[in-house]
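Here is the file upload_20.pdb (PDB, C-alpha atoms (C1' of nucleotides)).
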```
ATOM      1  CA  MET A   1       0.000   0.000   0.000
ATOM      2  CA  ASN A   2       1.543   3.304  -1.011
ATOM      3  CA  ILE A   3       0.951   6.657   0.628
ATOM      4  CA  GLY A   4      -2.056   7.658  -1.490
ATOM      5  CA  GLN A   5      -3.910   4.453  -0.729
ATOM      6  CA  ALA A   6      -3.037   4.735   2.950
ATOM      7  CA  ALA A   7      -4.403   8.269   2.904
ATOM      8  CA  LYS A   8      -7.712   7.152   1.452
ATOM      9  CA  ALA A   9      -7.958   4.201   3.799
ATOM     10  CA  SER A  10      -7.138   6.213   6.913
ATOM     11  CA  GLY A  11      -8.666   9.577   6.154
ATOM     12  CA  VAL A  12      -5.333  11.298   6.815
ATOM     13  CA  SER A  13      -3.909  13.578   4.119
ATOM     14  CA  VAL A  14      -0.808  12.552   2.201
ATOM     15  CA  LYS A  15       0.964  15.606   3.544
ATOM     16  CA  MET A  16       0.213  14.700   7.120
ATOM     17  CA  ILE A  17       1.230  11.079   6.637
ATOM     18  CA  ARG A  18       4.643  12.261   5.476
ATOM     19  CA  TYR A  19       4.797  14.556   8.479
ATOM     20  CA  TYR A  20       3.934  11.760  10.914
ATOM     21  CA  ASP A  21       6.685   9.739   9.310
ATOM     22  CA  GLU A  22       9.157  12.594   9.658
ATOM     23  CA  VAL A  23       8.440  13.155  13.349
ATOM     24  CA  GLY A  24       8.358   9.428  14.070
ATOM     25  CA  LEU A  25       4.718   9.148  15.074
ATOM     26  CA  VAL A  26       3.755   6.587  12.444
ATOM     27  CA  ARG A  27       6.529   5.167  10.304
ATOM     28  CA  PRO A  28       5.952   3.178   7.101
ATOM     29  CA  SER A  29       6.963  -0.464   7.380
ATOM     30  CA  GLY A  30       9.371   0.005   4.505
ATOM     31  CA  ARG A  31      10.192   1.582   1.185
ATOM     32  CA  SER A  32       9.677   0.218  -2.308
ATOM     33  CA  GLU A  33      12.456  -0.050  -4.886
ATOM     34  CA  GLY A  34      11.387   3.323  -6.220
ATOM     35  CA  ASN A  35      11.666   4.784  -2.696
ATOM     36  CA  TYR A  36       7.898   4.904  -2.182
ATOM     37  CA  ARG A  37       6.658   4.605   1.402
ATOM     38  CA  GLU A  38       4.907   1.297   2.033
ATOM     39  CA  TYR A  39       2.128   0.999   4.603
ATOM     40  CA  ASP A  40       0.475  -2.154   5.825
ATOM     41  CA  ALA A  41      -2.871  -2.626   7.579
ATOM     42  CA  ARG A  42      -1.348  -2.103  11.024
ATOM     43  CA  GLU A  43       0.014   1.311  10.113
ATOM     44  CA  VAL A  44      -3.158   2.336   8.385
ATOM     45  CA  ASN A  45      -4.951   1.548  11.625
ATOM     46  CA  GLU A  46      -2.445   3.680  13.484
ATOM     47  CA  LEU A  47      -3.059   6.546  11.088
ATOM     48  CA  ARG A  48      -6.778   6.250  11.673
ATOM     49  CA  PHE A  49      -6.070   6.186  15.408
ATOM     50  CA  VAL A  50      -4.107   9.405  15.099
ATOM     51  CA  ARG A  51      -6.864  11.060  13.097
ATOM     52  CA  ARG A  52      -9.476  10.188  15.697
ATOM     53  CA  ALA A  53      -7.258  11.311  18.541
ATOM     54  CA  ARG A  54      -6.671  14.637  16.763
ATOM     55  CA  GLY A  55     -10.423  14.879  16.432
ATOM     56  CA  LEU A  56     -10.635  14.720  20.207
ATOM     57  CA  GLY A  57      -8.113  17.519  20.469
ATOM     58  CA  PHE A  58      -5.118  15.529  21.682
ATOM     59  CA  ASP A  59      -1.802  17.071  20.640
ATOM     60  CA  MET A  60       1.036  15.166  19.047
ATOM     61  CA  ALA A  61       2.851  14.494  22.318
ATOM     62  CA  GLU A  62      -0.269  13.029  23.878
ATOM     63  CA  ILE A  63      -0.985  10.989  20.785
ATOM     64  CA  ALA A  64       2.539   9.620  20.824
ATOM     65  CA  GLN A  65       1.891   8.394  24.377
ATOM     66  CA  LEU A  66      -1.509   6.971  23.497
ATOM     67  CA  LEU A  67      -0.106   5.238  20.434
ATOM     68  CA  SER A  68       2.623   3.612  22.426
ATOM     69  CA  LEU A  69       0.074   2.422  24.970
ATOM     70  CA  TRP A  70      -2.107   1.171  22.146
ATOM     71  CA  ARG A  71       0.792  -0.823  20.754
ATOM     72  CA  ASP A  72       1.519  -2.311  24.147
ATOM     73  CA  ARG A  73      -1.026  -5.020  24.882
ATOM     74  CA  ASP A  74       0.219  -5.189  28.469
ATOM     75  CA  ARG A  75      -0.502  -1.560  29.248
ATOM     76  CA  SER A  76      -2.707  -0.624  32.152
ATOM     77  CA  SER A  77      -5.871   1.275  31.380
ATOM     78  CA  ARG A  78      -4.881   3.477  34.316
ATOM     79  CA  GLU A  79      -2.214   5.183  32.228
ATOM     80  CA  VAL A  80      -4.564   5.776  29.340
ATOM     81  CA  LYS A  81      -7.243   7.178  31.579
ATOM     82  CA  ALA A  82      -4.743   9.499  33.245
ATOM     83  CA  ILE A  83      -3.735  10.985  29.897
ATOM     84  CA  ALA A  84      -7.350  11.353  28.870
ATOM     85  CA  GLN A  85      -8.283  13.059  32.103
ATOM     86  CA  ARG A  86      -5.386  15.462  31.973
ATOM     87  CA  HIS A  87      -6.430  16.383  28.458
ATOM     88  CA  LEU A  88     -10.016  16.670  29.556
ATOM     89  CA  GLU A  89      -9.100  19.153  32.267
ATOM     90  CA  ASP A  90      -7.143  21.103  29.714
ATOM     91  CA  LEU A  91     -10.107  21.123  27.351
ATOM     92  CA  ASP A  92     -12.477  22.176  30.100
ATOM     93  CA  SER A  93     -10.281  25.026  31.176
ATOM     94  CA  ARG A  94      -9.954  26.282  27.613
ATOM     95  CA  ILE A  95     -13.703  26.014  27.195
ATOM     96  CA  ARG A  96     -14.219  28.039  30.346
ATOM     97  CA  GLU A  97     -11.830  30.704  29.071
ATOM     98  CA  MET A  98     -13.588  30.961  25.752
ATOM     99  CA  GLN A  99     -16.946  31.018  27.430
ATOM    100  CA  ALA A 100     -15.855  33.911  29.604
ATOM    101  CA  MET A 101     -14.853  35.755  26.444
ATOM    102  CA  ALA A 102     -18.128  34.916  24.757
ATOM    103  CA  ASP A 103     -20.166  35.978  27.776
ATOM    104  CA  THR A 104     -18.421  39.329  28.012
ATOM    105  CA  LEU A 105     -18.832  39.903  24.313
ATOM    106  CA  ARG A 106     -22.473  38.875  24.373
ATOM    107  CA  HIS A 107     -23.130  41.325  27.138
ATOM    108  CA  LEU A 108     -21.376  44.150  25.301
ATOM    109  CA  ALA A 109     -23.111  43.369  22.022
ATOM    110  CA  HIS A 110     -26.419  43.266  23.836
ATOM    111  CA  CYS A 111     -25.778  46.739  25.235
ATOM    112  CA  CYS A 112     -24.763  48.104  21.835
ATOM    113  CA  ALA A 113     -27.561  49.719  19.849
ATOM    114  CA  GLY A 114     -26.017  48.735  16.526
ATOM    115  CA  ASP A 115     -27.430  51.674  14.644
ATOM    116  CA  ASP A 116     -26.076  54.735  12.822
ATOM    117  CA  ARG A 117     -24.892  56.510  15.941
ATOM    118  CA  PRO A 118     -21.236  56.307  16.972
ATOM    119  CA  ASP A 119     -21.882  55.554  20.653
ATOM    120  CA  CYS A 120     -20.714  52.011  21.256
ATOM    121  CA  PRO A 121     -20.276  50.181  24.557
ATOM    122  CA  ILE A 122     -18.071  47.631  22.827
ATOM    123  CA  LEU A 123     -15.471  50.171  21.799
ATOM    124  CA  GLU A 124     -15.815  51.975  25.088
ATOM    125  CA  ASP A 125     -15.004  48.801  26.945
ATOM    126  CA  LEU A 126     -12.003  48.035  24.757
ATOM    127  CA  GLY A 127     -10.811  51.608  25.110
ATOM    128  CA  GLY A 128     -10.900  51.283  28.872
ATOM    129  CA  THR A 129     -11.252  54.180  31.235
ATOM    130  CA  ALA A 130      -9.991  56.574  28.610
ATOM    131  CA  PRO A 131     -12.004  56.345  25.400
ATOM    132  CA  VAL A 132     -10.631  58.178  22.391
ATOM    133  CA  HIS A 133     -13.228  60.956  22.663
ATOM    134  CA  THR A 134     -12.150  62.081  26.067
ATOM    135  CA  THR A 135      -8.484  61.316  25.539
ATOM    136  CA  LEU A 136      -7.792  63.289  22.378
TER     137      LEU A 136
ATOM    138  CA  MET B   1       7.735  57.657  25.868
ATOM    139  CA  ASN B   2      10.000  54.877  24.628
ATOM    140  CA  ILE B   3       8.983  51.294  24.001
ATOM    141  CA  GLY B   4       9.683  50.010  27.513
ATOM    142  CA  GLN B   5       7.566  52.672  29.138
ATOM    143  CA  ALA B   6       4.790  52.113  26.605
ATOM    144  CA  ALA B   7       4.938  48.396  27.431
ATOM    145  CA  LYS B   8       4.520  49.043  31.136
ATOM    146  CA  ALA B   9       1.765  51.563  30.585
ATOM    147  CA  SER B  10      -0.198  49.373  28.173
ATOM    148  CA  GLY B  11       0.462  45.888  29.472
ATOM    149  CA  VAL B  12       1.718  44.782  26.059
ATOM    150  CA  SER B  13       5.154  43.186  25.838
ATOM    151  CA  VAL B  14       7.997  45.025  24.122
ATOM    152  CA  LYS B  15       8.207  42.217  21.593
ATOM    153  CA  MET B  16       4.565  42.522  20.680
ATOM    154  CA  ILE B  17       4.710  46.292  20.430
ATOM    155  CA  ARG B  18       7.487  45.952  17.859
ATOM    156  CA  TYR B  19       5.384  43.359  16.046
ATOM    157  CA  TYR B  20       2.323  45.621  15.971
ATOM    158  CA  ASP B  21       4.530  48.324  14.534
ATOM    159  CA  GLU B  22       5.915  45.960  11.893
ATOM    160  CA  VAL B  23       2.478  44.822  10.730
ATOM    161  CA  GLY B  24       1.076  48.334  10.893
ATOM    162  CA  LEU B  25      -1.484  47.789  13.625
ATOM    163  CA  VAL B  26      -0.116  50.423  15.992
ATOM    164  CA  ARG B  27       2.704  52.611  14.749
ATOM    165  CA  PRO B  28       4.846  54.850  16.968
ATOM    166  CA  SER B  29       4.303  58.537  16.354
ATOM    167  CA  GLY B  30       7.969  58.917  15.545
ATOM    168  CA  ARG B  31      11.565  57.948  16.214
ATOM    169  CA  SER B  32      14.085  59.635  18.431
ATOM    170  CA  GLU B  33      17.512  60.753  17.239
ATOM    171  CA  GLY B  34      18.895  57.448  18.424
ATOM    172  CA  ASN B  35      16.229  55.621  16.383
ATOM    173  CA  TYR B  36      14.141  54.724  19.427
ATOM    174  CA  ARG B  37      10.416  54.310  18.860
ATOM    175  CA  GLU B  38       8.420  57.105  20.471
ATOM    176  CA  TYR B  39       4.891  56.540  21.741
ATOM    177  CA  ASP B  40       2.449  59.142  22.978
ATOM    178  CA  ALA B  41      -0.664  58.723  25.125
ATOM    179  CA  ARG B  42      -2.888  58.071  22.124
ATOM    180  CA  GLU B  43      -0.803  55.134  20.966
ATOM    181  CA  VAL B  44      -0.491  53.737  24.447
ATOM    182  CA  ASN B  45      -4.281  53.758  24.576
ATOM    183  CA  GLU B  46      -4.370  51.928  21.280
ATOM    184  CA  LEU B  47      -1.972  49.317  22.600
ATOM    185  CA  ARG B  48      -4.191  48.815  25.622
ATOM    186  CA  PHE B  49      -7.151  48.534  23.255
ATOM    187  CA  VAL B  50      -5.368  45.812  21.314
ATOM    188  CA  ARG B  51      -4.504  43.934  24.475
ATOM    189  CA  ARG B  52      -8.106  43.929  25.623
ATOM    190  CA  ALA B  53      -9.391  42.905  22.219
ATOM    191  CA  ARG B  54      -6.904  40.018  22.173
ATOM    192  CA  GLY B  55      -8.225  39.056  25.569
ATOM    193  CA  LEU B  56     -11.653  38.718  24.004
ATOM    194  CA  GLY B  57     -10.206  36.448  21.348
ATOM    195  CA  PHE B  58     -10.319  38.839  18.395
ATOM    196  CA  ASP B  59      -7.631  38.119  15.821
ATOM    197  CA  MET B  60      -5.370  40.735  14.301
ATOM    198  CA  ALA B  61      -7.552  41.332  11.256
ATOM    199  CA  GLU B  62     -10.602  41.935  13.414
ATOM    200  CA  ILE B  63      -8.643  44.176  15.731
ATOM    201  CA  ALA B  64      -7.391  46.191  12.779
ATOM    202  CA  GLN B  65     -11.017  46.801  11.814
ATOM    203  CA  LEU B  66     -12.053  47.635  15.366
ATOM    204  CA  LEU B  67      -9.113  49.995  15.784
ATOM    205  CA  SER B  68      -9.971  51.852  12.643
ATOM    206  CA  LEU B  69     -13.565  52.185  13.798
ATOM    207  CA  TRP B  70     -12.311  53.328  17.179
ATOM    208  CA  ARG B  71     -10.223  56.023  15.515
ATOM    209  CA  ASP B  72     -13.174  57.178  13.467
ATOM    210  CA  ARG B  73     -15.466  59.210  15.662
ATOM    211  CA  ASP B  74     -18.095  59.170  12.907
ATOM    212  CA  ARG B  75     -18.386  55.402  12.770
ATOM    213  CA  SER B  76     -21.710  53.701  13.226
ATOM    214  CA  SER B  77     -22.044  51.327  16.137
ATOM    215  CA  ARG B  78     -23.730  49.017  13.629
ATOM    216  CA  GLU B  79     -20.382  48.138  12.084
ATOM    217  CA  VAL B  80     -18.771  47.464  15.429
ATOM    218  CA  LYS B  81     -21.635  45.295  16.559
ATOM    219  CA  ALA B  82     -21.498  43.308  13.314
ATOM    220  CA  ILE B  83     -17.822  42.484  13.829
ATOM    221  CA  ALA B  84     -18.457  41.556  17.432
ATOM    222  CA  GLN B  85     -21.353  39.313  16.539
ATOM    223  CA  ARG B  86     -19.471  37.550  13.775
ATOM    224  CA  HIS B  87     -16.674  36.889  16.240
ATOM    225  CA  LEU B  88     -19.160  35.769  18.831
ATOM    226  CA  GLU B  89     -20.629  33.198  16.466
ATOM    227  CA  ASP B  90     -17.145  31.993  15.719
ATOM    228  CA  LEU B  91     -16.372  31.697  19.419
ATOM    229  CA  ASP B  92     -19.611  29.847  20.080
ATOM    230  CA  SER B  93     -18.999  27.372  17.311
ATOM    231  CA  ARG B  94     -15.499  26.663  18.540
ATOM    232  CA  ILE B  95     -16.854  26.250  22.056
ATOM    233  CA  ARG B  96     -19.429  23.769  20.796
ATOM    234  CA  GLU B  97     -16.727  21.817  18.973
ATOM    235  CA  MET B  98     -14.548  21.621  22.035
ATOM    236  CA  GLN B  99     -17.497  20.711  24.182
ATOM    237  CA  ALA B 100     -18.333  17.841  21.859
ATOM    238  CA  MET B 101     -14.762  16.623  22.240
ATOM    239  CA  ALA B 102     -14.903  16.993  25.984
ATOM    240  CA  ASP B 103     -18.236  15.189  26.230
ATOM    241  CA  THR B 104     -17.005  12.261  24.169
ATOM    242  CA  LEU B 105     -13.853  12.078  26.192
ATOM    243  CA  ARG B 106     -15.683  12.314  29.472
ATOM    244  CA  HIS B 107     -17.925   9.468  28.452
ATOM    245  CA  LEU B 108     -14.995   7.309  27.410
ATOM    246  CA  ALA B 109     -13.048   8.103  30.558
ATOM    247  CA  HIS B 110     -16.099   7.306  32.618
ATOM    248  CA  CYS B 111     -16.358   3.892  30.961
ATOM    249  CA  CYS B 112     -12.663   3.175  31.499
ATOM    250  CA  ALA B 113     -11.860   1.276  34.668
ATOM    251  CA  GLY B 114      -8.473   2.934  35.009
ATOM    252  CA  ASP B 115      -6.860  -0.009  36.730
ATOM    253  CA  ASP B 116      -4.068  -2.506  36.018
ATOM    254  CA  ARG B 117      -5.941  -4.335  33.307
ATOM    255  CA  PRO B 118      -5.279  -3.518  29.663
ATOM    256  CA  ASP B 119      -8.921  -3.325  28.584
ATOM    257  CA  CYS B 120      -9.630   0.276  27.744
ATOM    258  CA  PRO B 121     -12.675   1.756  26.042
ATOM    259  CA  ILE B 122     -10.688   4.889  25.229
ATOM    260  CA  LEU B 123      -8.141   3.065  23.131
ATOM    261  CA  GLU B 124     -10.834   0.842  21.669
ATOM    262  CA  ASP B 125     -12.699   3.890  20.492
ATOM    263  CA  LEU B 126      -9.623   5.504  19.000
ATOM    264  CA  GLY B 127      -8.704   2.235  17.329
ATOM    265  CA  GLY B 128     -12.115   2.101  15.708
ATOM    266  CA  THR B 129     -13.781  -1.052  14.480
ATOM    267  CA  ALA B 130     -10.501  -2.861  14.401
ATOM    268  CA  PRO B 131      -8.743  -2.641  17.775
ATOM    269  CA  VAL B 132      -5.191  -3.807  17.909
ATOM    270  CA  HIS B 133      -6.093  -7.045  19.711
ATOM    271  CA  THR B 134      -8.234  -8.331  16.943
ATOM    272  CA  THR B 135      -6.174  -6.836  14.141
ATOM    273  CA  LEU B 136      -2.746  -8.185  14.949
TER     274      LEU B 136
ATOM    275  C1'  DC C   1       7.705   4.860 -25.569
ATOM    276  C1'  DT C   2       4.849   8.311 -24.188
ATOM    277  C1'  DT C   3       1.401  10.301 -21.094
ATOM    278  C1'  DG C   4      -0.630  11.161 -16.886
ATOM    279  C1'  DA C   5      -1.108  10.003 -12.289
ATOM    280  C1'  DC C   6       1.402   9.346  -8.577
ATOM    281  C1'  DC C   7       5.451   9.754  -5.544
ATOM    282  C1'  DC C   8       9.804  11.875  -3.740
ATOM    283  C1'  DT C   9      12.438  15.811  -1.142
ATOM    284  C1'  DC C  10      12.956  20.533   0.068
ATOM    285  C1'  DC C  11      11.222  25.118   0.904
ATOM    286  C1'  DT C  12       7.603  28.389   2.347
ATOM    287  C1'  DA C  13       3.681  30.084   4.845
ATOM    288  C1'  DT C  14       0.277  30.418   8.453
ATOM    289  C1'  DG C  15      -0.722  33.497  13.688
ATOM    290  C1'  DA C  16       0.762  35.331  17.775
ATOM    291  C1'  DT C  17       4.283  34.949  20.676
ATOM    292  C1'  DG C  18       8.861  34.431  22.809
ATOM    293  C1'  DG C  19      13.999  33.840  22.777
ATOM    294  C1'  DG C  20      18.482  35.259  21.609
ATOM    295  C1'  DA C  21      22.701  37.257  19.237
ATOM    296  C1'  DG C  22      25.270  41.175  18.031
ATOM    297  C1'  DG C  23      25.567  45.799  18.394
ATOM    298  C1'  DG C  24      24.114  50.865  19.249
ATOM    299  C1'  DT C  25      22.213  54.560  22.778
ATOM    300  C1'  DC C  26      21.373  56.801  26.908
ATOM    301  C1'  DT C  27      22.169  58.084  31.791
ATOM    302  C1'  DA C  28      24.151  58.179  36.219
ATOM    303  C1'  DT C  29      28.134  57.866  38.756
ATOM    304  C1'  DC C  30      33.029  58.369  39.480
TER     305       DC C  30
ATOM    306  C1'  DG D   1      34.977  62.789  30.191
ATOM    307  C1'  DA D   2      34.984  57.803  30.872
ATOM    308  C1'  DT D   3      32.724  53.778  32.118
ATOM    309  C1'  DA D   4      28.887  50.633  33.639
ATOM    310  C1'  DG D   5      24.484  49.042  33.226
ATOM    311  C1'  DA D   6      20.031  49.450  31.551
ATOM    312  C1'  DC D   7      17.752  50.023  27.631
ATOM    313  C1'  DC D   8      16.971  49.974  22.571
ATOM    314  C1'  DC D   9      17.754  48.486  17.712
ATOM    315  C1'  DT D  10      17.456  44.839  13.771
ATOM    316  C1'  DC D  11      17.617  40.197  12.233
ATOM    317  C1'  DC D  12      17.059  35.323  12.835
ATOM    318  C1'  DC D  13      14.904  31.191  14.860
ATOM    319  C1'  DA D  14      11.237  28.337  17.170
ATOM    320  C1'  DT D  15       6.648  27.099  18.242
ATOM    321  C1'  DC D  16       2.173  23.623  16.325
ATOM    322  C1'  DA D  17      -0.327  21.233  12.830
ATOM    323  C1'  DT D  18      -1.335  21.967   8.392
ATOM    324  C1'  DA D  19      -1.172  23.110   3.478
ATOM    325  C1'  DG D  20       0.881  24.771  -0.907
ATOM    326  C1'  DG D  21       4.257  24.543  -4.490
ATOM    327  C1'  DA D  22       8.647  23.673  -7.233
ATOM    328  C1'  DG D  23      11.505  20.510  -9.404
ATOM    329  C1'  DG D  24      12.168  16.029 -10.458
ATOM    330  C1'  DG D  25      11.741  10.682 -10.240
ATOM    331  C1'  DT D  26       8.540   6.308 -10.791
ATOM    332  C1'  DC D  27       5.045   3.542 -12.509
ATOM    333  C1'  DA D  28       1.258   1.607 -15.301
ATOM    334  C1'  DA D  29      -1.776   1.797 -19.179
ATOM    335  C1'  DG D  30      -2.234   2.768 -23.793
TER     336       DG D  30
END
```

Exercise: express the given structure as structure tokens:
Amino acid sequence: MNIGQAAKASGVSVKMIRYYDEVGLVRPSGRSEGNYREYDAREVNELRFVRRARGLGFDMAEIAQLLSLWRDRDRSSREVKAIAQRHLEDLDSRIREMQAMADTLRHLAHCCAGDDRPDCPILEDLGGTAPVHTTL
Amino acid sequence: MNIGQAAKASGVSVKMIRYYDEVGLVRPSGRSEGNYREYDAREVNELRFVRRARGLGFDMAEIAQLLSLWRDRDRSSREVKAIAQRHLEDLDSRIREMQAMADTLRHLAHCCAGDDRPDCPILEDLGGTAPVHTTL
DNA sequence: CTTGACCCTCCTATGATGGGAGGGTCTATC
DNA sequence: GATAGACCCTCCCATCATAGGAGGGTCAAG
């Protein structure tokens, strides 16, 4: 199986497959005579694994850990769960941050008339205690 | 006011102030004889504006628009509100995406015993229909 | 034996930020 | 005036995951 077929089978782009090879995340089992990367079913599964893990927001370092646990049939689920929970906390905290932003913005937008007049609570908030009108 | 003082007064790092100058977001009013950037109160306010807008998750392009509206005392609040609402939708959709990830992950982690045994719903999910045990 | 689809490597860019090297400027103190 | 130390300058590099392209080699079907 060459890289294009592996891409179709795994749902990972050719570009990214080369990148995963380069950084050592998923290496092809070998090279053809013409120097083409060769992937077998195991590696295609790993690529699919990586794609799904990316879809859950894991970064490359976390995926490298998960992959190595996946490859190790003697792993403990404890380790996997620990990684997942750390990532989950990270996700939750980023969600909270973004929600704080969204809430603030929603409030400001709600207070803004959104008409032809220049008065705008949004800009006033961003401008802080010294809006341009009073400052200049 | 040189760059270090502007940084303290605005809460923006020296590095970022130079960057904003380079990309034309906030330019110093002039240069000293020794080629030092010179900032006045107006520009320090603009830097503070940028910092706050970044804190609400606006990207540079959006901030450039907001800044130009801020500078224009004849703007309509309609335009500002439109930018804010577009950004808000973007924020909300990213929040929903991350929440979907978090929910999936929470469910998987909940189902995972997290003990010494290798059985792990998290890895099984990532591995898809063909977990490593049955594939190899 | 050519054509077109595919593959290779190497370089570039993204967006916002930080780090550092190598060198010039300013200010206070001696 | 000289010197030290704090500050500033520009230019380069790195991040993270991803994509685009140039220039050139390989392969299979006609």

Margin query: When you count all atoms listed in the file, which of these residues is closest to Gly4 (chain A): C:DC1, C:DC6, C:DC30, C:DA21?
Written below: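 With all atoms listed in the file as the atom set, the closest residue is C:DC6.
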
Next item on the list: Run through the PyMOL selection byres ((chain C and resi 28) around 10) on the given coordinates and return the selected residues as a PyMOL selection string.
Entry: (chain C and resi 26-27+29-30) or (chain D and resi 4-5)

Once you count only C-alpha atoms (C1' of nucleotides), what closest atom pair and distance in Å to one decimal does each residue of chain C within 9 Å of chain B have, with rows by chain and rising residue number, as a Markdown table?
```
| residue | atom | partner | partner_atom | distance |
| --- | --- | --- | --- | --- |
| C:DG15 | C1' | B:Asp59 | CA | 8.6 |
| C:DA16 | C1' | B:Met16 | CA | 8.6 |
| C:DT17 | C1' | B:Met16 | CA | 7.6 |
| C:DG18 | C1' | B:Lys15 | CA | 7.9 |
| C:DG24 | C1' | B:Gly34 | CA | 8.4 |
| C:DT25 | C1' | B:Gly34 | CA | 6.2 |
| C:DC26 | C1' | B:Gly34 | CA | 8.9 |
```

Next item on the list: Within 6 Å of region 113-123 of chain B, counting all atoms listed in the file, which residues show up once you throw out same-chain ones fewer than 4 positions away? Write them as a ChimeraX atom specification, please.
Entry: /A:74-78,81 /B:108,127

Next item on the list: Provide the CA of Leu25 (chain A) to CA of Ala64 (chain A) distance in Å, to one decimal place.
Entry: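 Atom-to-atom, CA of Leu25 (chain A) and CA of Ala64 (chain A) are spaced 6.2 Å apart.
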
Checklist line | Proximity to chain B - best of D:DC7, D:DG25, D:DA14, D:DA19, all atoms listed in the file | finding: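 The answer is D:DC7, which sits nearest to chain B.
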
Notebook entry, point to check: In Å, with one decimal, what is the gap from CA of Glu38 (chain A) to CA of Val14 (chain A)?
Noted result: 12.6 Å

Using 3 Å of padding on each side, determine the axis-aligned box around all atoms of region 15-30 of chain D present in the file and give its centre and edge lengths in Å to one decimal, as JSON.
```
{"center_x": 5.0, "center_y": 14.4, "center_z": -2.8, "size_x": 20.4, "size_y": 31.5, "size_z": 48.0}
```

Next item on the list: Using all atoms listed in the file, find which residues of chain D lie within 12 Å of chain B and jot them down as an MDAnalysis selection string.
Entry: chainID D and resid 6:10

Notebook entry, point to check: Between A:Arg86, A:Leu67, A:Glu97, A:Phe49, which has the minimum distance to chain B (counting all atoms listed in the file)?
Noted result: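 Counting all atoms listed in the file, the residue closest to chain B is A:Phe49.
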
Next item on the list: Report as an NGL selection string the full result of the PyMOL selection byres ((chain A and resi 12) around 12) when it is applied to this structure.
Entry: (:A and (3-11 or 13-20 or 26 or 43-55)) or (:D and (18))

Margin query: List as a ChimeraX atom specification the protein and nucleic acid residues near DG23 (chain D), meaning an atom at most 12 Å away when all atoms listed in the file are counted, but skip any in the same chain fewer than 4 places from it.
Written below: /C:8-11

Keeping C-alpha atoms (C1' of nucleotides) for every residue in the selection just given, could you write it to a file as a PDB file, in the frame of the given file?
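Contents of the output file out31.pdb:
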```pdb
ATOM      1  C1'  DC C   8       9.804  11.875  -3.740  1.00  0.00           C
ATOM      2  C1'  DT C   9      12.438  15.811  -1.142  1.00  0.00           C
ATOM      3  C1'  DC C  10      12.956  20.533   0.068  1.00  0.00           C
ATOM      4  C1'  DC C  11      11.222  25.118   0.904  1.00  0.00           C
TER       5       DC C  11
END
```

Next item on the list: Kindly resolve the PyMOL selection byres ((chain A and resi 107) around 12) on the present coordinates and return the residues as a ChimeraX atom specification.
Entry: /A:100-106,108-113,121-122,125 /B:81,84-85,88

Next item on the list: Rounded to one decimal place, report the CA of Ser93 (chain A)-CA of Gly57 (chain A) distance in Å.
Entry: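 Interatomic distance here is 13.3 Å.
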
Kindly complete region 89-100 of chain A to N, CA and C atoms; the output should be written as a short mmCIF file (atom, residue, chain, number, x, y, z; two decimals), keeping the file's coordinate frame.
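New file result_4.cif:
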```cif
data_model
loop_
_atom_site.label_atom_id
_atom_site.label_comp_id
_atom_site.auth_asym_id
_atom_site.auth_seq_id
_atom_site.Cartn_x
_atom_site.Cartn_y
_atom_site.Cartn_z
N GLU A 89 -9.19 17.95 31.43
CA GLU A 89 -9.10 19.15 32.27
C GLU A 89 -8.63 20.34 31.44
N ASP A 90 -7.67 20.06 30.58
CA ASP A 90 -7.14 21.10 29.71
C ASP A 90 -8.25 21.65 28.81
N LEU A 91 -8.98 20.74 28.20
CA LEU A 91 -10.11 21.12 27.35
C LEU A 91 -11.10 21.97 28.13
N ASP A 92 -11.47 21.47 29.30
CA ASP A 92 -12.48 22.18 30.10
C ASP A 92 -12.01 23.58 30.45
N SER A 93 -10.73 23.69 30.76
CA SER A 93 -10.28 25.03 31.18
C SER A 93 -10.27 25.97 29.97
N ARG A 94 -9.91 25.42 28.80
CA ARG A 94 -9.95 26.28 27.61
C ARG A 94 -11.39 26.66 27.26
N ILE A 95 -12.30 25.71 27.46
CA ILE A 95 -13.70 26.01 27.20
C ILE A 95 -14.19 27.12 28.13
N ARG A 96 -13.80 27.00 29.39
CA ARG A 96 -14.22 28.04 30.35
C ARG A 96 -13.69 29.41 29.94
N GLU A 97 -12.42 29.44 29.53
CA GLU A 97 -11.83 30.70 29.07
C GLU A 97 -12.62 31.30 27.92
N MET A 98 -12.90 30.45 26.93
CA MET A 98 -13.59 30.96 25.75
C MET A 98 -15.01 31.37 26.10
N GLN A 99 -15.59 30.67 27.04
CA GLN A 99 -16.95 31.02 27.43
C GLN A 99 -16.98 32.36 28.16
N ALA A 100 -15.93 32.61 28.93
CA ALA A 100 -15.86 33.91 29.60
C ALA A 100 -15.77 35.02 28.55
#
```
